[in-house]
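For reference, the structure discussed in these notes is given below.
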Amino acid sequence: MNNQPADVTTSQQLESSGDGRSARWDAHRAARRLELIKLARRAIHELGPNASMDDIAAQANTSKSVFYRYFGDKDGLRHAVGEYVIKKFRAGVIAAGRKSSNNGDALHAMMLAYLQMAANSPNIYFFVTAGPATDVLTDPAGAGGKVREGALNDFFEELTSMMRERMHSYMAIAPGELASPALELWPRASIGMVRAAGELWLRAPDTSQRPSIEELARSLTGWLTHGVAHQASAESH
């Protein structure tokens, strides 16, 4: 039996009803936001990374004001699309690196996964990595001194950690110990080299002078593990 006063019961019912409407509205907004992210992703894939908000909205058959309402501005849309795309990108590359206990094989798998996923849509890749003026790879803390939030920085952080583990294992460095100060820069520096090579490759004309994905992945792995002298020696035989 309900012994609560009528006014209390009515108040709780109204509050509960309000909460229900609020939850449904939040769910609707979340679903609409995801729909807009997918529409923007498709538009950018077709139009290119420099597509304007007008172009994206027209391609998505909606108004620019809708995108501004949900994302604020183009950088807000870039961040949202980046969160959506890079989480999948990150999962694929990290999973590839976890599949093998052999350091060289793991690096090769990561290089190949990175290149394949970027090549699936160079337009999307260049749109979401355009990012802020300060590069999160080489300056993760930025001017504020704290590690910046965001899917791209999370990806670099996890990839750096994995490559550091592989480096320490390869060099038989005991757990809890560090390599030399210069060598501790190797993981992020290596990611920078891979990113630069990958982006040059993505932009290169599709001619006989452009290496295949497998060739580039194999070369990157060799550069990281043995350097260019090893590759030069192998190609001379």
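Convention: chains lettered A, B, ... in structure tokens order; per-chain residue numbering from 1; ligands numbered from 1 as shown.
The shell of residues at most 9 Å from segment 91-99 of chain A, with only C-alpha atoms counted and near chain neighbours (fewer than 2 positions) removed, consists of A:Ile86, A:Lys87, A:Lys88, A:Phe89, A:Ser101, A:Asn103, A:Asp105, A:Ala106, A:Leu107, A:His108, A:Ala109, A:Met110, A:Met111, A:Leu112, A:Ala113, A:Tyr114, A:Met117, A:Phe155, A:Glu158, A:Leu159, A:Met162.
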Open item on the list: Please identify the alpha helix (DSSP H) residues within segment 3-230 of chain A (assignment by DSSP from backbone atoms) and present them as a PyMOL selection string.
Closed with: chain A and resi 6-47+53-59+64-71+74-98+103-120+122-129+151-170+186-203+213-225+228-230
Open item on the list: Taking 2 positions as the minimum chain separation for residues in the same chain, which residues sit within 12 Å of Tyr68 of chain A when counting only C-alpha atoms? Answer as a list of chain:residue names.
Closed with: A:Arg33, A:Leu36, A:Met53, A:Asp54, A:Ile56, A:Ala57, A:Thr62, A:Ser63, A:Lys64, A:Ser65, A:Val66, A:Tyr70, A:Phe71, A:Gly72, A:Asp73, A:Lys74, A:Asp75, A:Gly76, A:Leu77, A:Arg78
Task: Gap from atom CA of Arg32 of chain A to atom CA of Asp55 of chain A - Å, one decimal - done: 19.3 Å
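Closest approach to Asn120 of chain A among A:Ala27, A:Ile213, A:Ala204, A:Ala40 is made by A:Ile213 (distances from only C-alpha atoms).
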Task: Top pick for closest residue to Ala51 of chain A, considering A:Tyr84, A:Phe67, A:Phe156, A:Phe127 and counting only C-alpha atoms - done: A:Phe127
Open item on the list: Give me, as a VMD selection string, all polymer residues having an atom no more than 12 Å from segment 179-187 of chain A, counting only C-alpha atoms and skipping those fewer than 2 positions away in the same chain.
Closed with: chain A and resid 107 137 to 138 156 to 177 189 to 194 224 to 225
Just N, CA, C and O atoms for this one: save the residues we selected as a compact mmCIF listing (two decimals), in the first residue's frame.
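Listed below is the output, again_11.txt:
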# COMPACT_ATOMS: atom_id res chain seq x y z
N LEU A 107 55.66 -5.37 -35.73
CA LEU A 107 55.83 -4.06 -36.35
C LEU A 107 55.32 -4.07 -37.79
O LEU A 107 54.63 -3.14 -38.23
N LEU A 137 51.41 14.69 -31.88
CA LEU A 137 52.43 13.64 -31.86
C LEU A 137 53.71 14.15 -31.22
O LEU A 137 54.29 13.50 -30.35
N THR A 138 54.16 15.34 -31.62
CA THR A 138 55.43 15.87 -31.12
C THR A 138 55.27 16.79 -29.92
O THR A 138 56.25 17.12 -29.26
N PHE A 156 48.06 7.80 -30.42
CA PHE A 156 49.51 7.95 -30.35
C PHE A 156 50.06 7.46 -29.01
O PHE A 156 51.13 6.85 -28.95
N GLU A 157 49.33 7.73 -27.91
CA GLU A 157 49.78 7.30 -26.60
C GLU A 157 49.85 5.78 -26.51
O GLU A 157 50.83 5.21 -26.01
N GLU A 158 48.79 5.11 -26.98
CA GLU A 158 48.77 3.65 -26.89
C GLU A 158 49.80 3.03 -27.82
O GLU A 158 50.47 2.06 -27.47
N LEU A 159 49.95 3.60 -29.02
CA LEU A 159 50.93 3.09 -29.96
C LEU A 159 52.35 3.30 -29.44
O LEU A 159 53.21 2.42 -29.56
N THR A 160 52.60 4.46 -28.83
CA THR A 160 53.91 4.74 -28.23
C THR A 160 54.22 3.74 -27.14
O THR A 160 55.35 3.21 -27.06
N SER A 161 53.25 3.47 -26.28
CA SER A 161 53.44 2.52 -25.19
C SER A 161 53.76 1.12 -25.73
O SER A 161 54.67 0.45 -25.24
N MET A 162 53.03 0.69 -26.76
CA MET A 162 53.27 -0.63 -27.33
C MET A 162 54.66 -0.71 -27.96
O MET A 162 55.39 -1.70 -27.77
N MET A 163 55.05 0.32 -28.69
CA MET A 163 56.35 0.30 -29.34
C MET A 163 57.49 0.39 -28.32
O MET A 163 58.55 -0.20 -28.51
N ARG A 164 57.25 1.09 -27.21
CA ARG A 164 58.25 1.14 -26.16
C ARG A 164 58.43 -0.26 -25.54
O ARG A 164 59.56 -0.69 -25.27
N GLU A 165 57.33 -0.95 -25.31
CA GLU A 165 57.41 -2.31 -24.78
C GLU A 165 58.20 -3.21 -25.72
O GLU A 165 59.04 -4.01 -25.28
N ARG A 166 57.92 -3.10 -27.03
CA ARG A 166 58.63 -3.91 -28.02
C ARG A 166 60.12 -3.57 -28.04
O ARG A 166 60.97 -4.46 -28.13
N MET A 167 60.44 -2.28 -27.94
CA MET A 167 61.83 -1.86 -27.94
C MET A 167 62.56 -2.39 -26.71
O MET A 167 63.67 -2.93 -26.81
N HIS A 168 61.93 -2.28 -25.55
CA HIS A 168 62.55 -2.77 -24.32
C HIS A 168 62.76 -4.29 -24.38
O HIS A 168 63.78 -4.80 -23.93
N SER A 169 61.78 -5.00 -24.96
CA SER A 169 61.91 -6.45 -25.09
C SER A 169 63.06 -6.80 -26.03
O SER A 169 63.87 -7.68 -25.73
N TYR A 170 63.15 -6.10 -27.14
CA TYR A 170 64.19 -6.36 -28.14
C TYR A 170 65.58 -6.11 -27.56
O TYR A 170 66.53 -6.84 -27.85
N MET A 171 65.69 -5.09 -26.71
CA MET A 171 66.98 -4.73 -26.13
C MET A 171 67.22 -5.36 -24.77
O MET A 171 68.22 -5.06 -24.11
N ALA A 172 66.30 -6.25 -24.35
CA ALA A 172 66.42 -6.95 -23.07
C ALA A 172 66.56 -5.99 -21.89
O ALA A 172 67.35 -6.21 -20.97
N ILE A 173 65.78 -4.93 -21.92
CA ILE A 173 65.76 -3.97 -20.81
C ILE A 173 64.79 -4.47 -19.76
O ILE A 173 63.64 -4.79 -20.07
N ALA A 174 65.23 -4.56 -18.53
CA ALA A 174 64.41 -5.13 -17.46
C ALA A 174 63.18 -4.27 -17.20
O ALA A 174 63.22 -3.04 -17.37
N PRO A 175 62.07 -4.90 -16.77
CA PRO A 175 60.85 -4.15 -16.45
C PRO A 175 61.14 -3.05 -15.42
O PRO A 175 61.87 -3.27 -14.44
N GLY A 176 60.60 -1.88 -15.64
CA GLY A 176 60.80 -0.76 -14.72
C GLY A 176 62.02 0.07 -15.03
O GLY A 176 62.18 1.17 -14.47
N GLU A 177 62.90 -0.42 -15.89
CA GLU A 177 64.10 0.32 -16.25
C GLU A 177 63.89 1.05 -17.58
O GLU A 177 62.98 0.71 -18.35
N ALA A 189 59.27 9.05 -32.23
CA ALA A 189 60.00 9.44 -33.44
C ALA A 189 59.71 8.46 -34.57
O ALA A 189 59.54 8.86 -35.73
N SER A 190 59.60 7.18 -34.23
CA SER A 190 59.30 6.16 -35.23
C SER A 190 57.91 6.34 -35.81
O SER A 190 57.69 6.19 -37.01
N ILE A 191 56.95 6.67 -34.94
CA ILE A 191 55.59 6.92 -35.41
C ILE A 191 55.59 8.10 -36.38
O ILE A 191 54.89 8.09 -37.40
N GLY A 192 56.39 9.12 -36.06
CA GLY A 192 56.49 10.27 -36.95
C GLY A 192 57.02 9.89 -38.31
O GLY A 192 56.53 10.38 -39.34
N MET A 193 58.03 9.02 -38.35
CA MET A 193 58.58 8.58 -39.63
C MET A 193 57.55 7.79 -40.42
O MET A 193 57.38 7.99 -41.63
N VAL A 194 56.85 6.90 -39.73
CA VAL A 194 55.83 6.09 -40.39
C VAL A 194 54.72 6.97 -40.94
O VAL A 194 54.26 6.80 -42.08
N LEU A 224 62.93 0.55 -39.25
CA LEU A 224 62.77 0.67 -37.81
C LEU A 224 63.62 -0.34 -37.04
O LEU A 224 64.11 -0.05 -35.95
N THR A 225 63.77 -1.53 -37.59
CA THR A 225 64.47 -2.59 -36.85
C THR A 225 65.96 -2.70 -37.19
O THR A 225 66.76 -3.08 -36.35
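Ranking A:Asn153, A:Gly104, A:Arg21, A:Leu115 by their shortest atom-to-atom distance to Trp223 of chain A, with only C-alpha atoms included, puts A:Gly104 first.
Considering only C-alpha atoms, the residue among A:Arg188, A:Arg90, A:Ser22, A:Glu215 positioned nearest to Trp201 of chain A is A:Glu215.
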Open item on the list: Rounded to one decimal, what separation in Å do you get between atom CA of Glu83 of chain A and atom CA of His45 of chain A?
Closed with: 16.0 Å
